[in-house]
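Chemist: Mind having a look at this structure? Questions to follow.
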Amino acid sequence: MSELVAFREDRLGFRFQLHEKAVLGRSSECDLILFDRSASRRHAEIVKIGDFYFISDLDSTNGTLVNDVPVAPRTKLKSHDCVKIGQEIFIFDPMLDVVTGPAPAALILNSVTETQRNILSRPGSDAAASITADQASLLTSLNHVLLTVPESEITPTFVNFLVEHMGATSVSLLWPGSSVGLRQISFVTYPDDKRLLISQAPYNRVTSLGEALLWPRIVTELDFNGGNRHVVQLDQPCVMAPLYNRDNPVLGLLYLENGNRTLEEGDLNFLAALGQLVSPFILLLVNSRDQEHNWRPPDEELDSVADVSSRDHQVRIVYSTASHLAQNHEPIFITGEPGTNKTSLAHHIHSQSAQKKGRFVNVTLSDLPPAQMDRILFGQESAADGNQVGLLGLADNGTIFLRHIEYLTKNAQASILMALEEGLIYPIGSRHARNVAVRFISSSSANLPEYVENGMFREDLYARLTKINLSLPPLREMRYDIESLAADYAARASRNLGIPFIGIDSSAMECLKAYPWPGNLSELRSEAAILANFSRSGHVVMDSLPVHLRLSPDVFKHGDLPPDSLLAEAERLYLIKALSCHQGDVEAASEVLGLTPEDFIIKSRAYGIDPMDFQGETLAEGPRGPAQTSIPQDDGDWGPEV
């Protein structure tokens with residue numbers, strides 16, 4: 001199956017899968033909606049004939065260009081062709097993977113001619129074990145520094161280390177992503193405006209096989225011009241090593257160039273060891289950014305769950321109770337579904353407490369290696385490395401929020417209990433206790449009483465930590481808050497992207513409020529950021545919504561809707577869309593919307609829709625519902641894929 005890949009900087013990486021026929025333009029009836037004002041409502045059409053795709057202009061105002069040449073009545077598309085509609089630029093079958101993230105995108109090039117000479121390859125673990133004594137000493141020092149610097153200094157410290165000790169002139173770090181369908185995140189780039197260009201062969205060997213590589217050539221340029229792909233390579237070695245994310249089969253990649261000297265086997269071993277050392281720190285940092293893991297300073301802004309200004313009475317009661325409980329020093333246990341933003345409630349308690357001038361330390365225990373948990377939590381004293389302050393030490397005179405406490409090791413449970421009851425901790429390697437005054441807040445997604453019964457969690461610690469319990473409601477029970485939260489998250493995302501944000505259309509908001517939000521606030525925040533990025537000039541309309549939000553089965557399962565409601569109109573359109581996609585097949589269309597065939601027929605009759613009208617018609621020819629938008633997603637296999 002062929003595809004178009006957006007190549008304009010602000011849309012880089014978006015893919016549109018081509019089927020038998022696709023109409024491109026600004027109209028909501030198009031298969032691929034373009035947001036460029038210079039595009040016509042129905043601008044161009046791509047049709048598959050035999051094994052090939054042909055593009056035609058639909059009498060647009062500004063024309064359609066292929067390789068900067070206006071298209072003929074029907075122009076055949078070939079790999080690497082550049083399609084330009086207004087300011088929108090797409091490459092047809094570019095043999096290119098795009099890795100996006102907070103750092104500049106990384107481009108992974110397929111089918112690049114590679115030399116097989118002077119390639120040095122070793123399993124990452126073997127290479128890491130081959131470092132010299134001097135290199136091991138440097139890594140020990142780096143580890144100590146990374147344990148003590150603030151979160152915001154972790155990546156600058158690491159990059160500066162590579163520049164100073166390996167002479168790095170270019171560094172890129174691709175991290176294994178956790179989101180659905182996301183294989184990698186482009187996480188760190190140095191210099192910070194440089195895009196990583198790497199061929200597929202070494203990329204696969206590192207991320208799939210875990211090899212550390214000394215590769216003889218680097219890719220310096222990539223361009224698409226005149227229907228050809230231009231790749232420029234330079235005979236200059238680079239080194240690559242794997243990065244590790246526990247329980248994720250996809251490995252990350254650490255890439256380094258040195259333009260001032262030739263890299264050798266010792267550099268390969270050193271980088272492999274660096275990859276092993278830095279992986280846990282990057283994991284904590286990624287989780288801290290994406291899921292509010294790890295610790296953060298008390299004055300840093302947190303995303304609000306729906307705080308005391310919430311319109312939901314359940315949330316207002318929880319936060320009011322939390323403000324009252326914050327005045328004492330007792331531990332507090334927070335429960336709630338994943339994504340309900342227990343971190344924000346914990347931070348609220350801290351901000352209302354006598355410890356508010358101290359640090360708020362937020363740590364996710366499930367991300368800590370069990371063998372290193374005691375050192376990370378309680379610190380370490382070493383004659384060789386000096387003293388390393390643990391997270392409880394950082395939280396002294398402040399608050400520590402322990403998420404997923406079921407992951408505490410037996411030793412850590414005993415030490416936490418001592419800190420609770422006696423205010424003492426013992427750093428690893430020390431025979432002297434340290435006094436700490438820490439407020440404990442904790443949460444768990446496990447059945448802790450069952451853990452206690454099975455001897456996996458101390459009963460006395462469980463009793464101390466869960467003496468006071470606060471429970472956060474799921475987002476689906478906070479319908480009144482969805483409107484304000486969605487607008488707030490989208491506005492924040494727009495500010496971060498430097499783009500305008502006007503608001504969310506009422507029909508789109510009806511769909512958002514009807515969706516069940518199984519991922520709660522974390523899912524709402526993520527979706528709002530996507531909506532902001534792909535909204536029409538800052539205005540989110542129903543056609544801007546990803547398909548899974550517009551076609552949530554729960555939207556269509558409640559009772560009859562008022563005939564003049566916005567949600568009723570959405571329901572009518574998607575009954576039509578489902579029938580159109582499946583050529584009037586009621587069983588297939590009802591399955592898409594999560595309805596029984598009987599309910600589907602009842603609803604269709606209520607709207608005056610006759611499935612017979614759609615039999616024998618294709619999606620492009622039959623009555624049409626709202627079209628897909630250019631928002632990357634993975635929403636099933638019916639209709640045109642996006």
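Residues are named by chain letter and number: chains run A, B, ... in the order of the structure tokens, numbers start at 1 in each chain, and ligands are numbered from 1 in the order shown.
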When you look at Leu408 of chain A with a cut-off of 12 Å (counting only C-alpha atoms), what residues show up, excluding the ones that are within fewer than 5 positions of it in the same chain? I need them as a ChimeraX atom specification.

Modeler: /A:363-374,377,402-403,413-417,442-444,448,451,456-458,461-462

Chemist: Write a file of the just-selected residues containing N, CA and C atoms, as a PDB file, in the first residue's frame.

Modeler:
```pdb
ATOM      1  N   VAL A 363       8.184  10.353  42.940  1.00  0.00           N
ATOM      2  CA  VAL A 363       8.958   9.229  42.408  1.00  0.00           C
ATOM      3  C   VAL A 363       8.027   8.066  42.100  1.00  0.00           C
ATOM      4  N   THR A 364       8.215   7.476  40.929  1.00  0.00           N
ATOM      5  CA  THR A 364       7.453   6.305  40.513  1.00  0.00           C
ATOM      6  C   THR A 364       8.295   5.064  40.770  1.00  0.00           C
ATOM      7  N   LEU A 365       7.884   4.292  41.767  1.00  0.00           N
ATOM      8  CA  LEU A 365       8.693   3.160  42.209  1.00  0.00           C
ATOM      9  C   LEU A 365       8.765   2.060  41.161  1.00  0.00           C
ATOM     10  N   SER A 366       7.743   1.940  40.311  1.00  0.00           N
ATOM     11  CA  SER A 366       7.758   0.890  39.293  1.00  0.00           C
ATOM     12  C   SER A 366       8.866   1.098  38.272  1.00  0.00           C
ATOM     13  N   ASP A 367       9.410   2.306  38.199  1.00  0.00           N
ATOM     14  CA  ASP A 367      10.477   2.602  37.234  1.00  0.00           C
ATOM     15  C   ASP A 367      11.872   2.441  37.825  1.00  0.00           C
ATOM     16  N   LEU A 368      11.956   2.174  39.122  1.00  0.00           N
ATOM     17  CA  LEU A 368      13.270   2.051  39.756  1.00  0.00           C
ATOM     18  C   LEU A 368      13.749   0.607  39.707  1.00  0.00           C
ATOM     19  N   PRO A 369      14.978   0.345  39.254  1.00  0.00           N
ATOM     20  CA  PRO A 369      15.511  -1.024  39.287  1.00  0.00           C
ATOM     21  C   PRO A 369      15.555  -1.526  40.732  1.00  0.00           C
ATOM     22  N   PRO A 370      14.999  -2.711  41.028  1.00  0.00           N
ATOM     23  CA  PRO A 370      14.984  -3.206  42.419  1.00  0.00           C
ATOM     24  C   PRO A 370      16.364  -3.224  43.065  1.00  0.00           C
ATOM     25  N   ALA A 371      17.392  -3.575  42.291  1.00  0.00           N
ATOM     26  CA  ALA A 371      18.735  -3.662  42.864  1.00  0.00           C
ATOM     27  C   ALA A 371      19.284  -2.294  43.256  1.00  0.00           C
ATOM     28  N   GLN A 372      18.747  -1.220  42.678  1.00  0.00           N
ATOM     29  CA  GLN A 372      19.246   0.121  42.976  1.00  0.00           C
ATOM     30  C   GLN A 372      18.268   0.952  43.809  1.00  0.00           C
ATOM     31  N   MET A 373      17.132   0.341  44.195  1.00  0.00           N
ATOM     32  CA  MET A 373      16.083   1.111  44.854  1.00  0.00           C
ATOM     33  C   MET A 373      16.559   1.735  46.165  1.00  0.00           C
ATOM     34  N   ASP A 374      17.254   0.951  47.007  1.00  0.00           N
ATOM     35  CA  ASP A 374      17.717   1.494  48.291  1.00  0.00           C
ATOM     36  C   ASP A 374      18.661   2.666  48.088  1.00  0.00           C
ATOM     37  N   LEU A 377      16.627   5.739  46.809  1.00  0.00           N
ATOM     38  CA  LEU A 377      15.727   6.316  47.807  1.00  0.00           C
ATOM     39  C   LEU A 377      16.473   6.890  49.008  1.00  0.00           C
ATOM     40  N   LEU A 402       5.163   8.721  46.797  1.00  0.00           N
ATOM     41  CA  LEU A 402       5.582   7.407  46.335  1.00  0.00           C
ATOM     42  C   LEU A 402       4.449   6.772  45.538  1.00  0.00           C
ATOM     43  N   ARG A 403       4.635   6.671  44.240  1.00  0.00           N
ATOM     44  CA  ARG A 403       3.619   6.063  43.373  1.00  0.00           C
ATOM     45  C   ARG A 403       3.917   4.585  43.191  1.00  0.00           C
ATOM     46  N   GLN A 413      10.871  -1.413  52.205  1.00  0.00           N
ATOM     47  CA  GLN A 413       9.704  -1.317  53.084  1.00  0.00           C
ATOM     48  C   GLN A 413      10.126  -1.104  54.543  1.00  0.00           C
ATOM     49  N   ALA A 414      11.122  -1.857  54.967  1.00  0.00           N
ATOM     50  CA  ALA A 414      11.600  -1.709  56.346  1.00  0.00           C
ATOM     51  C   ALA A 414      12.197  -0.318  56.575  1.00  0.00           C
ATOM     52  N   SER A 415      12.935   0.177  55.602  1.00  0.00           N
ATOM     53  CA  SER A 415      13.557   1.496  55.746  1.00  0.00           C
ATOM     54  C   SER A 415      12.524   2.617  55.713  1.00  0.00           C
ATOM     55  N   ILE A 416      11.483   2.477  54.875  1.00  0.00           N
ATOM     56  CA  ILE A 416      10.407   3.469  54.844  1.00  0.00           C
ATOM     57  C   ILE A 416       9.673   3.491  56.183  1.00  0.00           C
ATOM     58  N   LEU A 417       9.428   2.317  56.753  1.00  0.00           N
ATOM     59  CA  LEU A 417       8.746   2.253  58.051  1.00  0.00           C
ATOM     60  C   LEU A 417       9.574   2.946  59.132  1.00  0.00           C
ATOM     61  N   SER A 442       1.294   8.514  49.259  1.00  0.00           N
ATOM     62  CA  SER A 442       1.544   7.337  48.424  1.00  0.00           C
ATOM     63  C   SER A 442       0.299   6.954  47.641  1.00  0.00           C
ATOM     64  N   SER A 443       0.496   6.098  46.642  1.00  0.00           N
ATOM     65  CA  SER A 443      -0.618   5.582  45.852  1.00  0.00           C
ATOM     66  C   SER A 443      -0.230   4.206  45.335  1.00  0.00           C
ATOM     67  N   SER A 444      -1.234   3.465  44.869  1.00  0.00           N
ATOM     68  CA  SER A 444      -0.989   2.126  44.346  1.00  0.00           C
ATOM     69  C   SER A 444      -2.099   1.765  43.372  1.00  0.00           C
ATOM     70  N   LEU A 448      -3.534  -3.956  47.443  1.00  0.00           N
ATOM     71  CA  LEU A 448      -2.556  -4.049  48.531  1.00  0.00           C
ATOM     72  C   LEU A 448      -2.959  -5.018  49.637  1.00  0.00           C
ATOM     73  N   TYR A 451      -1.664  -8.224  48.687  1.00  0.00           N
ATOM     74  CA  TYR A 451      -0.211  -8.261  48.860  1.00  0.00           C
ATOM     75  C   TYR A 451       0.150  -8.530  50.325  1.00  0.00           C
ATOM     76  N   MET A 456       3.727 -10.200  50.725  1.00  0.00           N
ATOM     77  CA  MET A 456       4.550  -9.414  49.808  1.00  0.00           C
ATOM     78  C   MET A 456       4.673  -7.954  50.241  1.00  0.00           C
ATOM     79  N   PHE A 457       3.836  -7.537  51.195  1.00  0.00           N
ATOM     80  CA  PHE A 457       3.895  -6.169  51.683  1.00  0.00           C
ATOM     81  C   PHE A 457       3.671  -6.187  53.190  1.00  0.00           C
ATOM     82  N   ARG A 458       4.471  -5.421  53.926  1.00  0.00           N
ATOM     83  CA  ARG A 458       4.403  -5.422  55.385  1.00  0.00           C
ATOM     84  C   ARG A 458       3.061  -4.874  55.865  1.00  0.00           C
ATOM     85  N   LEU A 461       3.477  -1.479  57.711  1.00  0.00           N
ATOM     86  CA  LEU A 461       3.698  -0.355  56.798  1.00  0.00           C
ATOM     87  C   LEU A 461       2.404  -0.005  56.068  1.00  0.00           C
ATOM     88  N   TYR A 462       1.671  -1.026  55.650  1.00  0.00           N
ATOM     89  CA  TYR A 462       0.383  -0.794  54.988  1.00  0.00           C
ATOM     90  C   TYR A 462      -0.550   0.002  55.891  1.00  0.00           C
TER      91      TYR A 462
END
```

Chemist: Which residues in segment 248-277 of chain A does DSSP call strand (DSSP E)? List them as a count of residues only.

Modeler: 6

Chemist: List every residue of segment 236-289 of chain A that DSSP, applied to the backbone, labels as alpha helix (DSSP H), and write the result as a list in words.

Modeler: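 Answer for segment 236-289 of chain A restricted to alpha helix (DSSP H) is Glu265, Gly266, Asp267, Leu268, Asn269, Phe270, Leu271, Ala272, Ala273, Leu274, Gly275, Gln276, Leu277, Val278, Ser279, Pro280, Phe281, Ile282, Leu283, Leu284, Leu285, Val286, Asn287, Ser288 and Arg289 of chain A.
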
Chemist: Do a neighbour search on Ile218 of chain A at 7 Å with only C-alpha atoms, toss out local chain neighbours closer than 6 positions, and write the hits as number ranges by chain.

Modeler: A: 233-238

Chemist: Just to be explicit: take each residue in the selection above, keep N, CA, C and O atoms, and write the result as a PDB file, in the first residue's frame.

Modeler:
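This is the output file out-v4.pdb:
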```pdb
ATOM      1  N   GLN A 233      26.438  11.082   1.467  1.00  0.00           N
ATOM      2  CA  GLN A 233      27.154  10.411   2.549  1.00  0.00           C
ATOM      3  C   GLN A 233      28.613  10.860   2.569  1.00  0.00           C
ATOM      4  O   GLN A 233      29.171  11.259   1.549  1.00  0.00           O
ATOM      5  N   LEU A 234      29.198  10.767   3.742  1.00  0.00           N
ATOM      6  CA  LEU A 234      30.584  11.181   3.934  1.00  0.00           C
ATOM      7  C   LEU A 234      31.350  10.042   4.586  1.00  0.00           C
ATOM      8  O   LEU A 234      30.847   9.390   5.516  1.00  0.00           O
ATOM      9  N   ASP A 235      32.557   9.785   4.103  1.00  0.00           N
ATOM     10  CA  ASP A 235      33.396   8.736   4.688  1.00  0.00           C
ATOM     11  C   ASP A 235      33.971   9.218   6.011  1.00  0.00           C
ATOM     12  O   ASP A 235      35.142   9.613   6.110  1.00  0.00           O
ATOM     13  N   GLN A 236      33.135   9.203   7.024  1.00  0.00           N
ATOM     14  CA  GLN A 236      33.531   9.605   8.377  1.00  0.00           C
ATOM     15  C   GLN A 236      32.842   8.674   9.367  1.00  0.00           C
ATOM     16  O   GLN A 236      31.619   8.559   9.363  1.00  0.00           O
ATOM     17  N   PRO A 237      33.600   7.961  10.208  1.00  0.00           N
ATOM     18  CA  PRO A 237      32.980   7.001  11.123  1.00  0.00           C
ATOM     19  C   PRO A 237      32.085   7.693  12.164  1.00  0.00           C
ATOM     20  O   PRO A 237      32.315   8.834  12.569  1.00  0.00           O
ATOM     21  N   CYS A 238      31.057   6.973  12.580  1.00  0.00           N
ATOM     22  CA  CYS A 238      30.219   7.377  13.707  1.00  0.00           C
ATOM     23  C   CYS A 238      30.015   6.153  14.586  1.00  0.00           C
ATOM     24  O   CYS A 238      30.259   5.016  14.158  1.00  0.00           O
TER      25      CYS A 238
END
```

Chemist: Using Å and a single decimal, report how far atom CA of Tyr190 of chain A sits from atom CA of Val389 of chain A.

Modeler: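 That distance, rounded to one decimal, is 29.3 Å.
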
Chemist: Do you know which residues are at most 6 Å from segment 19-24 of chain A counting only C-alpha atoms, after dropping those on the same chain fewer than 6 positions away, and could you put them as a tab-separated table (two decimals) with N, CA, C and O atoms, in the first residue's frame?

Modeler:
```
chain	number	residue	atom	x	y	z
A	30	CYS	N	-13.74	15.74	1.99
A	30	CYS	CA	-12.54	15.15	1.39
A	30	CYS	C	-11.99	14.03	2.27
A	30	CYS	O	-12.20	14.01	3.49
A	31	ASP	N	-11.26	13.12	1.66
A	31	ASP	CA	-10.65	12.03	2.41
A	31	ASP	C	-9.44	12.52	3.21
A	31	ASP	O	-9.20	12.07	4.32
A	32	LEU	N	-8.68	13.42	2.64
A	32	LEU	CA	-7.57	14.06	3.34
A	32	LEU	C	-7.82	15.56	3.35
A	32	LEU	O	-7.80	16.21	2.30
A	43	HIS	N	-9.56	19.83	-4.14
A	43	HIS	CA	-8.40	20.33	-4.87
A	43	HIS	C	-7.83	19.31	-5.86
A	43	HIS	O	-7.56	19.63	-7.01
A	44	ALA	N	-7.60	18.09	-5.38
A	44	ALA	CA	-6.96	17.08	-6.23
A	44	ALA	C	-7.50	15.71	-5.87
A	44	ALA	O	-8.10	15.50	-4.81
A	45	GLU	N	-7.25	14.76	-6.77
A	45	GLU	CA	-7.74	13.40	-6.58
A	45	GLU	C	-6.64	12.42	-6.95
A	45	GLU	O	-5.95	12.60	-7.95
A	46	ILE	N	-6.47	11.38	-6.11
A	46	ILE	CA	-5.52	10.31	-6.40
A	46	ILE	C	-6.30	9.01	-6.57
A	46	ILE	O	-7.09	8.64	-5.69
A	47	VAL	N	-6.11	8.34	-7.69
A	47	VAL	CA	-6.85	7.13	-8.02
A	47	VAL	C	-5.86	6.01	-8.33
A	47	VAL	O	-4.83	6.23	-8.99
A	48	LYS	N	-6.17	4.80	-7.85
A	48	LYS	CA	-5.34	3.64	-8.15
A	48	LYS	C	-5.90	2.94	-9.39
A	48	LYS	O	-7.08	2.58	-9.44
```

Chemist: Excluding Ile89 of chain A and its own-chain neighbours fewer than 3 positions away, which residues fall within 10 Å of it when counting only C-alpha atoms? Please give them as a PDB file with N, CA, C and O atoms, in the first residue's frame.

Modeler:
```pdb
ATOM      1  N   LEU A   4       1.269   8.899   1.290  1.00  0.00           N
ATOM      2  CA  LEU A   4       1.819  10.244   1.217  1.00  0.00           C
ATOM      3  C   LEU A   4       2.387  10.580   2.578  1.00  0.00           C
ATOM      4  O   LEU A   4       1.752  10.331   3.612  1.00  0.00           O
ATOM      5  N   VAL A   5       3.573  11.163   2.610  1.00  0.00           N
ATOM      6  CA  VAL A   5       4.203  11.581   3.864  1.00  0.00           C
ATOM      7  C   VAL A   5       4.404  13.086   3.818  1.00  0.00           C
ATOM      8  O   VAL A   5       5.030  13.618   2.899  1.00  0.00           O
ATOM      9  N   ALA A   6       3.824  13.775   4.805  1.00  0.00           N
ATOM     10  CA  ALA A   6       3.953  15.236   4.858  1.00  0.00           C
ATOM     11  C   ALA A   6       5.408  15.610   5.089  1.00  0.00           C
ATOM     12  O   ALA A   6       6.074  15.042   5.957  1.00  0.00           O
ATOM     13  N   PHE A   7       5.903  16.570   4.310  1.00  0.00           N
ATOM     14  CA  PHE A   7       7.316  16.940   4.404  1.00  0.00           C
ATOM     15  C   PHE A   7       7.502  18.398   4.776  1.00  0.00           C
ATOM     16  O   PHE A   7       8.622  18.875   4.857  1.00  0.00           O
ATOM     17  N   ARG A   8       6.407  19.118   5.018  1.00  0.00           N
ATOM     18  CA  ARG A   8       6.537  20.481   5.521  1.00  0.00           C
ATOM     19  C   ARG A   8       6.913  20.404   6.989  1.00  0.00           C
ATOM     20  O   ARG A   8       6.440  19.525   7.720  1.00  0.00           O
ATOM     21  N   GLU A   9       7.718  21.326   7.477  1.00  0.00           N
ATOM     22  CA  GLU A   9       8.306  21.208   8.805  1.00  0.00           C
ATOM     23  C   GLU A   9       7.258  21.038   9.899  1.00  0.00           C
ATOM     24  O   GLU A   9       7.430  20.237  10.818  1.00  0.00           O
ATOM     25  N   ARG A  11       4.362  19.725   9.742  1.00  0.00           N
ATOM     26  CA  ARG A  11       3.575  18.497   9.624  1.00  0.00           C
ATOM     27  C   ARG A  11       4.469  17.281   9.405  1.00  0.00           C
ATOM     28  O   ARG A  11       3.978  16.204   9.076  1.00  0.00           O
ATOM     29  N   LEU A  12       5.751  17.453   9.549  1.00  0.00           N
ATOM     30  CA  LEU A  12       6.704  16.405   9.212  1.00  0.00           C
ATOM     31  C   LEU A  12       6.362  15.104   9.937  1.00  0.00           C
ATOM     32  O   LEU A  12       6.215  15.073  11.150  1.00  0.00           O
ATOM     33  N   LEU A  65       0.890  20.708  -8.156  1.00  0.00           N
ATOM     34  CA  LEU A  65       2.215  20.511  -8.736  1.00  0.00           C
ATOM     35  C   LEU A  65       2.780  19.155  -8.329  1.00  0.00           C
ATOM     36  O   LEU A  65       2.640  18.730  -7.174  1.00  0.00           O
ATOM     37  N   VAL A  66       3.416  18.493  -9.257  1.00  0.00           N
ATOM     38  CA  VAL A  66       4.196  17.290  -8.978  1.00  0.00           C
ATOM     39  C   VAL A  66       5.609  17.560  -9.473  1.00  0.00           C
ATOM     40  O   VAL A  66       5.821  17.804 -10.662  1.00  0.00           O
ATOM     41  N   CYS A  82       7.320  14.664  -5.434  1.00  0.00           N
ATOM     42  CA  CYS A  82       6.932  15.719  -4.494  1.00  0.00           C
ATOM     43  C   CYS A  82       5.619  16.341  -4.972  1.00  0.00           C
ATOM     44  O   CYS A  82       5.565  16.937  -6.053  1.00  0.00           O
ATOM     45  N   VAL A  83       4.569  16.192  -4.165  1.00  0.00           N
ATOM     46  CA  VAL A  83       3.251  16.739  -4.482  1.00  0.00           C
ATOM     47  C   VAL A  83       3.062  18.015  -3.676  1.00  0.00           C
ATOM     48  O   VAL A  83       3.158  17.985  -2.434  1.00  0.00           O
ATOM     49  N   LYS A  84       2.774  19.125  -4.364  1.00  0.00           N
ATOM     50  CA  LYS A  84       2.600  20.408  -3.680  1.00  0.00           C
ATOM     51  C   LYS A  84       1.217  20.965  -3.967  1.00  0.00           C
ATOM     52  O   LYS A  84       0.823  21.136  -5.120  1.00  0.00           O
ATOM     53  N   ILE A  85       0.469  21.230  -2.894  1.00  0.00           N
ATOM     54  CA  ILE A  85      -0.855  21.833  -2.984  1.00  0.00           C
ATOM     55  C   ILE A  85      -0.840  23.053  -2.075  1.00  0.00           C
ATOM     56  O   ILE A  85      -0.828  22.921  -0.849  1.00  0.00           O
ATOM     57  N   GLY A  86      -0.823  24.245  -2.648  1.00  0.00           N
ATOM     58  CA  GLY A  86      -0.641  25.449  -1.836  1.00  0.00           C
ATOM     59  C   GLY A  86       0.712  25.380  -1.155  1.00  0.00           C
ATOM     60  O   GLY A  86       1.748  25.203  -1.805  1.00  0.00           O
ATOM     61  N   PHE A  92       5.507  11.177  -2.147  1.00  0.00           N
ATOM     62  CA  PHE A  92       4.846   9.912  -2.447  1.00  0.00           C
ATOM     63  C   PHE A  92       5.843   8.765  -2.278  1.00  0.00           C
ATOM     64  O   PHE A  92       6.899   8.752  -2.913  1.00  0.00           O
TER      65      PHE A  92
END
```

Chemist: Identify which of the residues A:Asn258, A:Asn67, A:Asn447, A:Ser382 lies closest to Asp81 of chain A, counting only C-alpha atoms when measuring atom-to-atom distances.

Modeler: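 Ranking A:Asn258, A:Asn67, A:Asn447, A:Ser382 by distance to Asp81 of chain A, first place goes to A:Asn67.
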